[in-house]
Amino acid sequence: MGVFYIIALLVAVASATDLESVRVSFSQKALDFGEEVAEILFDVIKDEAPGRLDIPNIDGGKFKLKNMQLQSLDLRKPVVASAPMLGLMLNNPANLQITGDWSVKAGWWWIHGSLDLNVDMIVSAVTAVLERNGRFSTKPLGCTITFNDFDLDLHNGFITWVVGLMKGKIKSEIQSSVCKEVEGVLKTTANQMLASLPQTIPVSDLFDVHIVADATPNFASDHINIPGRVTVTSQGSLDNFPFLPQPMVSTMDVSYMACFLLSDYTVNTGTYTTLPAGRIDYEVPNGDVDASNPVFNTAYFQNSLPELYTAYPDMALSLRIKNLRYPLVEFVQDEVVINMPVDIFVKVSGQNVLSLSVNLTINSNLSHDNDVISGEILDSVHTTSLLETTLPGQITAEQMSAVVDEVLSQTLLPEINGVLRQGLSLPVHDYVTLNKGLLQAHDDFLRVCADISLTDEGKEALKELARNLLD
């Protein structure tokens, strides 16, 4: 009955806390989608399950049943729902075809024969999902079976008096065997699978991504939530960050299957780890920025900074840009704000002639197409101060600002815009297609909602998962 575990994995949830930095929410539409997914899994499970269900021999005193074998299993579309304050409720209609042998005591002797049993039933199970030490675990809360049809054929019309006794015993054994399998999957197999999921994922030799559950799971009446905490750290270490996640105040829009919330906390753990002070340090022109750009000649600044042109007329120059702190990313209403202080060095003949300190803030929008999130710079602002210069005369604040505007517009901003426009592919594009999408930036978090459909590769991955669970 691995299907119960697989569906439970799709909708394991937890209550939100102020420490969460990601949250995945599912509506009933997603649970209905889980029912469709289950039908795909049943194609695998129904072929594997007959050899797994063990029905023991039964001794009823006046009768005995042995060699009970499940010949076929037909699993129909399940019903999945949230049971508020309890967990996930699963109702799975099924049909069993069972064969076996019987013996009945008639007077002083025993007579024998074979039986065929056709059972239509509904297996109902409830499971909780708990958080322990940053991991989810499952705990079965109950399992019952409702028999809708129970057709027992002993192929002997002279001993019909014993059929009622046999039915009672067989029902009890089926209830025990099926629920034992279901609860075993939820209690053991599911927890082994959850425990095997990595909490730390190394990305090449660059950094680690840490993923932990954030709170003890619970279920709402019309949706479920999975809060977690995701951080990016140096490999082999757990960095302490000079900031904390802010509460993500958002309600699930149940017109969508799923919504994903991403705190700017998680994004900033990535920039803090990968782009600390001095990590961005490059000089242009270079292989990516062509020296033919007019900005790399002092004549370009003849009007905005005549002191430079007077001291070095019509000479090639280069620009060095160095970050003083990690880029600080903040999600606000409908925009993403990136703030980063940098030093800009203007060099002629390899010598620094002008050094500026710039506090740069970039505003950009966001959009998405299926699984790709992209953006574009809307505007940028900066404050500039003079560090040092060898140029003659007095350089004004207006001149410094004009120089920075020209330098940024020709160098750093196009680079950032290129990255934003290229966008980021969500790591699900091989398996699902996102439809009817919504992308919003709110205070301190990003919200993505969508309906979901499976790709062919996603369907095959689910079938493989079902095979692994049944091994």
# chains A, B, ... in the order shown; residues from 1 in each chain; ligands from 1
call {"tool": "residues_around", "arguments": {"residues": "stretch 294-302 of chain A", "least_positions_apart": "4", "cutoff": "10 Å", "atoms": "only C-alpha atoms", "output": "VMD selection string"}}
result
chain A and resid 284 to 285 290 306 to 319 346 to 348 399 402 to 403 406 to 407 409 to 411
call {"tool": "write_last_selection", "arguments": {"atoms": "N, CA, C and O atoms", "output": "compact mmCIF listing (two decimals), in the first residue's frame"}}
result
# COMPACT_ATOMS: atom_id res chain seq x y z
N VAL A 284 37.21 46.59 -16.19
CA VAL A 284 36.77 46.65 -17.58
C VAL A 284 37.53 47.78 -18.28
O VAL A 284 37.92 48.76 -17.64
N PRO A 285 37.79 47.63 -19.60
CA PRO A 285 37.31 46.57 -20.49
C PRO A 285 38.01 45.24 -20.23
O PRO A 285 39.12 45.19 -19.70
N ASP A 290 33.81 45.27 -24.35
CA ASP A 290 34.74 45.65 -25.41
C ASP A 290 35.35 47.03 -25.16
O ASP A 290 34.67 47.97 -24.73
N PRO A 306 35.58 67.65 -16.96
CA PRO A 306 36.64 68.23 -17.80
C PRO A 306 38.02 68.11 -17.16
O PRO A 306 39.03 68.09 -17.88
N GLU A 307 38.09 68.04 -15.82
CA GLU A 307 39.39 67.90 -15.16
C GLU A 307 40.10 66.63 -15.63
O GLU A 307 41.33 66.61 -15.79
N LEU A 308 39.34 65.56 -15.84
CA LEU A 308 39.93 64.31 -16.32
C LEU A 308 40.44 64.46 -17.74
O LEU A 308 41.56 64.04 -18.08
N TYR A 309 39.63 65.06 -18.60
CA TYR A 309 40.04 65.21 -19.99
C TYR A 309 41.23 66.16 -20.14
O TYR A 309 42.14 65.94 -20.95
N THR A 310 41.25 67.22 -19.32
CA THR A 310 42.36 68.19 -19.39
C THR A 310 43.68 67.53 -18.99
O THR A 310 44.72 67.74 -19.62
N ALA A 311 43.64 66.71 -17.93
CA ALA A 311 44.87 66.07 -17.45
C ALA A 311 45.29 64.92 -18.37
O ALA A 311 46.50 64.66 -18.53
N TYR A 312 44.33 64.24 -19.00
CA TYR A 312 44.64 63.07 -19.82
C TYR A 312 43.79 63.13 -21.10
O TYR A 312 42.83 62.37 -21.28
N PRO A 313 44.11 63.99 -22.02
CA PRO A 313 43.29 64.18 -23.23
C PRO A 313 43.34 62.96 -24.16
O PRO A 313 44.41 62.43 -24.44
N ASP A 314 42.14 62.51 -24.55
CA ASP A 314 41.99 61.43 -25.55
C ASP A 314 42.84 60.21 -25.21
O ASP A 314 43.51 59.63 -26.06
N MET A 315 42.79 59.82 -23.95
CA MET A 315 43.56 58.64 -23.52
C MET A 315 42.61 57.52 -23.09
O MET A 315 41.50 57.76 -22.59
N ALA A 316 43.06 56.29 -23.31
CA ALA A 316 42.28 55.13 -22.88
C ALA A 316 42.26 55.08 -21.35
O ALA A 316 43.23 55.43 -20.68
N LEU A 317 41.14 54.64 -20.83
CA LEU A 317 41.03 54.46 -19.39
C LEU A 317 40.36 53.12 -19.10
O LEU A 317 39.76 52.49 -19.98
N SER A 318 40.49 52.68 -17.87
CA SER A 318 39.82 51.46 -17.42
C SER A 318 39.11 51.76 -16.11
O SER A 318 39.39 52.75 -15.43
N LEU A 319 38.18 50.88 -15.78
CA LEU A 319 37.38 51.04 -14.57
C LEU A 319 37.45 49.77 -13.74
O LEU A 319 37.28 48.65 -14.27
N VAL A 346 38.78 54.88 -11.29
CA VAL A 346 39.05 55.28 -12.67
C VAL A 346 40.57 55.27 -12.84
O VAL A 346 41.30 55.95 -12.09
N LYS A 347 41.04 54.51 -13.85
CA LYS A 347 42.49 54.33 -14.03
C LYS A 347 42.90 54.76 -15.43
O LYS A 347 42.21 54.46 -16.42
N VAL A 348 44.01 55.48 -15.50
CA VAL A 348 44.62 55.88 -16.78
C VAL A 348 46.07 55.40 -16.75
O VAL A 348 46.79 55.66 -15.78
N GLN A 399 29.39 66.56 -10.31
CA GLN A 399 30.28 65.91 -11.27
C GLN A 399 30.48 64.43 -10.93
O GLN A 399 30.44 63.57 -11.81
N ALA A 402 27.40 62.50 -11.89
CA ALA A 402 27.29 62.34 -13.34
C ALA A 402 28.25 61.28 -13.85
O ALA A 402 27.89 60.47 -14.73
N VAL A 403 29.46 61.24 -13.31
CA VAL A 403 30.43 60.22 -13.71
C VAL A 403 29.92 58.83 -13.37
O VAL A 403 29.98 57.89 -14.17
N GLU A 406 27.17 57.60 -15.69
CA GLU A 406 27.68 57.16 -16.99
C GLU A 406 28.41 55.83 -16.88
O GLU A 406 28.26 54.95 -17.73
N VAL A 407 29.22 55.69 -15.83
CA VAL A 407 29.95 54.44 -15.64
C VAL A 407 29.00 53.28 -15.42
O VAL A 407 29.12 52.21 -16.04
N SER A 409 25.78 53.02 -16.17
CA SER A 409 24.91 52.76 -17.31
C SER A 409 25.64 52.01 -18.42
O SER A 409 25.01 51.35 -19.25
N GLN A 410 26.96 52.10 -18.44
CA GLN A 410 27.73 51.46 -19.50
C GLN A 410 28.38 50.15 -19.06
O GLN A 410 28.87 49.39 -19.91
N THR A 411 28.37 49.87 -17.76
CA THR A 411 29.12 48.69 -17.28
C THR A 411 28.26 47.79 -16.40
O THR A 411 27.72 46.78 -16.85
call {"tool": "residues_around", "arguments": {"residues": "A:Asp281", "least_positions_apart": "3", "cutoff": "8 Å", "atoms": "only C-alpha atoms", "output": "MDAnalysis selection string"}}
result
chainID A and resid 278 320:323
call {"tool": "residues_around", "arguments": {"residues": "A:Ser385", "least_positions_apart": "3", "cutoff": "8 Å", "atoms": "only C-alpha atoms", "output": "PyMOL selection string"}}
result
chain A and resi 356-358+397+400
call {"tool": "atom_distance", "arguments": {"atom1": "atom CA of A:Ile122", "atom2": "atom CA of A:Ile174"}}
result
11.9 Å
call {"tool": "atom_distance", "arguments": {"atom1": "atom CA of A:Ile377", "atom2": "atom CA of A:Asn435"}}
result
25.7 Å
call {"tool": "atom_distance", "arguments": {"atom1": "atom CA of A:Gly393", "atom2": "atom CA of A:Val342"}}
result
24.6 Å
call {"tool": "decode", "arguments": {"residues": "stretch 397-437 of chain A", "atoms": "N, CA and C atoms", "output": "PDB file, in the first residue's frame"}}
result
ATOM      1  N   ALA A 397      30.103  67.491  -6.166  1.00  0.00           N
ATOM      2  CA  ALA A 397      29.230  66.331  -5.977  1.00  0.00           C
ATOM      3  C   ALA A 397      28.443  66.031  -7.245  1.00  0.00           C
ATOM      4  N   GLU A 398      28.010  67.079  -7.939  1.00  0.00           N
ATOM      5  CA  GLU A 398      27.260  66.880  -9.177  1.00  0.00           C
ATOM      6  C   GLU A 398      28.123  66.191 -10.234  1.00  0.00           C
ATOM      7  N   GLN A 399      29.387  66.560 -10.308  1.00  0.00           N
ATOM      8  CA  GLN A 399      30.282  65.908 -11.265  1.00  0.00           C
ATOM      9  C   GLN A 399      30.477  64.427 -10.930  1.00  0.00           C
ATOM     10  N   MET A 400      30.693  64.152  -9.656  1.00  0.00           N
ATOM     11  CA  MET A 400      30.889  62.753  -9.249  1.00  0.00           C
ATOM     12  C   MET A 400      29.648  61.917  -9.569  1.00  0.00           C
ATOM     13  N   SER A 401      28.458  62.475  -9.292  1.00  0.00           N
ATOM     14  CA  SER A 401      27.222  61.761  -9.577  1.00  0.00           C
ATOM     15  C   SER A 401      27.062  61.502 -11.066  1.00  0.00           C
ATOM     16  N   ALA A 402      27.404  62.502 -11.894  1.00  0.00           N
ATOM     17  CA  ALA A 402      27.291  62.340 -13.342  1.00  0.00           C
ATOM     18  C   ALA A 402      28.249  61.275 -13.851  1.00  0.00           C
ATOM     19  N   VAL A 403      29.459  61.243 -13.312  1.00  0.00           N
ATOM     20  CA  VAL A 403      30.434  60.220 -13.714  1.00  0.00           C
ATOM     21  C   VAL A 403      29.923  58.832 -13.368  1.00  0.00           C
ATOM     22  N   VAL A 404      29.397  58.693 -12.153  1.00  0.00           N
ATOM     23  CA  VAL A 404      28.896  57.383 -11.720  1.00  0.00           C
ATOM     24  C   VAL A 404      27.719  56.952 -12.585  1.00  0.00           C
ATOM     25  N   ASP A 405      26.815  57.871 -12.901  1.00  0.00           N
ATOM     26  CA  ASP A 405      25.686  57.543 -13.780  1.00  0.00           C
ATOM     27  C   ASP A 405      26.179  56.961 -15.096  1.00  0.00           C
ATOM     28  N   GLU A 406      27.169  57.605 -15.691  1.00  0.00           N
ATOM     29  CA  GLU A 406      27.677  57.162 -16.986  1.00  0.00           C
ATOM     30  C   GLU A 406      28.413  55.831 -16.878  1.00  0.00           C
ATOM     31  N   VAL A 407      29.216  55.693 -15.825  1.00  0.00           N
ATOM     32  CA  VAL A 407      29.953  54.444 -15.639  1.00  0.00           C
ATOM     33  C   VAL A 407      29.000  53.281 -15.419  1.00  0.00           C
ATOM     34  N   LEU A 408      28.033  53.453 -14.526  1.00  0.00           N
ATOM     35  CA  LEU A 408      27.095  52.369 -14.226  1.00  0.00           C
ATOM     36  C   LEU A 408      26.239  52.013 -15.432  1.00  0.00           C
ATOM     37  N   SER A 409      25.782  53.020 -16.166  1.00  0.00           N
ATOM     38  CA  SER A 409      24.910  52.758 -17.313  1.00  0.00           C
ATOM     39  C   SER A 409      25.640  52.014 -18.422  1.00  0.00           C
ATOM     40  N   GLN A 410      26.961  52.101 -18.445  1.00  0.00           N
ATOM     41  CA  GLN A 410      27.734  51.461 -19.496  1.00  0.00           C
ATOM     42  C   GLN A 410      28.382  50.147 -19.063  1.00  0.00           C
ATOM     43  N   THR A 411      28.375  49.866 -17.762  1.00  0.00           N
ATOM     44  CA  THR A 411      29.119  48.689 -17.282  1.00  0.00           C
ATOM     45  C   THR A 411      28.258  47.793 -16.399  1.00  0.00           C
ATOM     46  N   LEU A 412      28.109  48.151 -15.124  1.00  0.00           N
ATOM     47  CA  LEU A 412      27.503  47.255 -14.140  1.00  0.00           C
ATOM     48  C   LEU A 412      26.018  47.017 -14.392  1.00  0.00           C
ATOM     49  N   LEU A 413      25.255  48.065 -14.676  1.00  0.00           N
ATOM     50  CA  LEU A 413      23.809  47.903 -14.830  1.00  0.00           C
ATOM     51  C   LEU A 413      23.431  47.008 -16.016  1.00  0.00           C
ATOM     52  N   PRO A 414      24.075  47.141 -17.181  1.00  0.00           N
ATOM     53  CA  PRO A 414      23.758  46.195 -18.260  1.00  0.00           C
ATOM     54  C   PRO A 414      24.070  44.746 -17.896  1.00  0.00           C
ATOM     55  N   GLU A 415      25.146  44.539 -17.111  1.00  0.00           N
ATOM     56  CA  GLU A 415      25.475  43.182 -16.689  1.00  0.00           C
ATOM     57  C   GLU A 415      24.369  42.614 -15.799  1.00  0.00           C
ATOM     58  N   ILE A 416      23.928  43.410 -14.825  1.00  0.00           N
ATOM     59  CA  ILE A 416      22.867  42.963 -13.919  1.00  0.00           C
ATOM     60  C   ILE A 416      21.570  42.738 -14.689  1.00  0.00           C
ATOM     61  N   ASN A 417      21.254  43.638 -15.597  1.00  0.00           N
ATOM     62  CA  ASN A 417      20.028  43.510 -16.379  1.00  0.00           C
ATOM     63  C   ASN A 417      20.042  42.252 -17.237  1.00  0.00           C
ATOM     64  N   GLY A 418      21.215  41.918 -17.773  1.00  0.00           N
ATOM     65  CA  GLY A 418      21.324  40.707 -18.563  1.00  0.00           C
ATOM     66  C   GLY A 418      21.023  39.468 -17.752  1.00  0.00           C
ATOM     67  N   VAL A 419      21.496  39.443 -16.518  1.00  0.00           N
ATOM     68  CA  VAL A 419      21.228  38.304 -15.631  1.00  0.00           C
ATOM     69  C   VAL A 419      19.742  38.237 -15.294  1.00  0.00           C
ATOM     70  N   LEU A 420      19.141  39.395 -14.983  1.00  0.00           N
ATOM     71  CA  LEU A 420      17.715  39.428 -14.643  1.00  0.00           C
ATOM     72  C   LEU A 420      16.857  38.973 -15.817  1.00  0.00           C
ATOM     73  N   ARG A 421      17.180  39.429 -17.019  1.00  0.00           N
ATOM     74  CA  ARG A 421      16.382  39.063 -18.182  1.00  0.00           C
ATOM     75  C   ARG A 421      16.506  37.586 -18.516  1.00  0.00           C
ATOM     76  N   GLN A 422      17.696  37.028 -18.319  1.00  0.00           N
ATOM     77  CA  GLN A 422      17.878  35.603 -18.574  1.00  0.00           C
ATOM     78  C   GLN A 422      17.029  34.776 -17.632  1.00  0.00           C
ATOM     79  N   GLY A 423      16.903  35.220 -16.405  1.00  0.00           N
ATOM     80  CA  GLY A 423      16.006  34.586 -15.463  1.00  0.00           C
ATOM     81  C   GLY A 423      16.565  33.323 -14.835  1.00  0.00           C
ATOM     82  N   LEU A 424      15.743  32.737 -13.987  1.00  0.00           N
ATOM     83  CA  LEU A 424      16.105  31.537 -13.238  1.00  0.00           C
ATOM     84  C   LEU A 424      15.043  30.477 -13.465  1.00  0.00           C
ATOM     85  N   SER A 425      15.466  29.304 -13.880  1.00  0.00           N
ATOM     86  CA  SER A 425      14.543  28.186 -14.066  1.00  0.00           C
ATOM     87  C   SER A 425      14.343  27.460 -12.745  1.00  0.00           C
ATOM     88  N   LEU A 426      13.096  27.305 -12.339  1.00  0.00           N
ATOM     89  CA  LEU A 426      12.808  26.553 -11.122  1.00  0.00           C
ATOM     90  C   LEU A 426      13.192  25.100 -11.343  1.00  0.00           C
ATOM     91  N   PRO A 427      13.682  24.420 -10.291  1.00  0.00           N
ATOM     92  CA  PRO A 427      14.193  23.055 -10.466  1.00  0.00           C
ATOM     93  C   PRO A 427      13.090  22.010 -10.571  1.00  0.00           C
ATOM     94  N   VAL A 428      11.972  22.340 -11.218  1.00  0.00           N
ATOM     95  CA  VAL A 428      10.874  21.390 -11.377  1.00  0.00           C
ATOM     96  C   VAL A 428      10.456  21.269 -12.834  1.00  0.00           C
ATOM     97  N   HIS A 429      11.135  22.009 -13.726  1.00  0.00           N
ATOM     98  CA  HIS A 429      10.641  22.118 -15.091  1.00  0.00           C
ATOM     99  C   HIS A 429      10.649  20.791 -15.842  1.00  0.00           C
ATOM    100  N   ASP A 430      11.497  19.847 -15.443  1.00  0.00           N
ATOM    101  CA  ASP A 430      11.519  18.549 -16.114  1.00  0.00           C
ATOM    102  C   ASP A 430      10.312  17.701 -15.757  1.00  0.00           C
ATOM    103  N   TYR A 431       9.700  17.980 -14.621  1.00  0.00           N
ATOM    104  CA  TYR A 431       8.665  17.088 -14.085  1.00  0.00           C
ATOM    105  C   TYR A 431       7.262  17.669 -14.119  1.00  0.00           C
ATOM    106  N   VAL A 432       7.116  18.979 -13.993  1.00  0.00           N
ATOM    107  CA  VAL A 432       5.782  19.575 -13.993  1.00  0.00           C
ATOM    108  C   VAL A 432       5.772  20.827 -14.858  1.00  0.00           C
ATOM    109  N   THR A 433       4.592  21.161 -15.328  1.00  0.00           N
ATOM    110  CA  THR A 433       4.354  22.411 -16.037  1.00  0.00           C
ATOM    111  C   THR A 433       3.485  23.294 -15.162  1.00  0.00           C
ATOM    112  N   LEU A 434       3.893  24.548 -15.004  1.00  0.00           N
ATOM    113  CA  LEU A 434       3.129  25.488 -14.195  1.00  0.00           C
ATOM    114  C   LEU A 434       2.170  26.252 -15.096  1.00  0.00           C
ATOM    115  N   ASN A 435       0.892  26.198 -14.757  1.00  0.00           N
ATOM    116  CA  ASN A 435      -0.138  26.860 -15.532  1.00  0.00           C
ATOM    117  C   ASN A 435      -0.852  27.901 -14.671  1.00  0.00           C
ATOM    118  N   LYS A 436      -1.496  28.865 -15.341  1.00  0.00           N
ATOM    119  CA  LYS A 436      -2.297  29.866 -14.621  1.00  0.00           C
ATOM    120  C   LYS A 436      -1.477  30.480 -13.496  1.00  0.00           C
ATOM    121  N   GLY A 437      -0.337  31.026 -13.853  1.00  0.00           N
ATOM    122  CA  GLY A 437       0.630  31.457 -12.849  1.00  0.00           C
ATOM    123  C   GLY A 437       0.379  32.845 -12.286  1.00  0.00           C
TER     124      GLY A 437
END
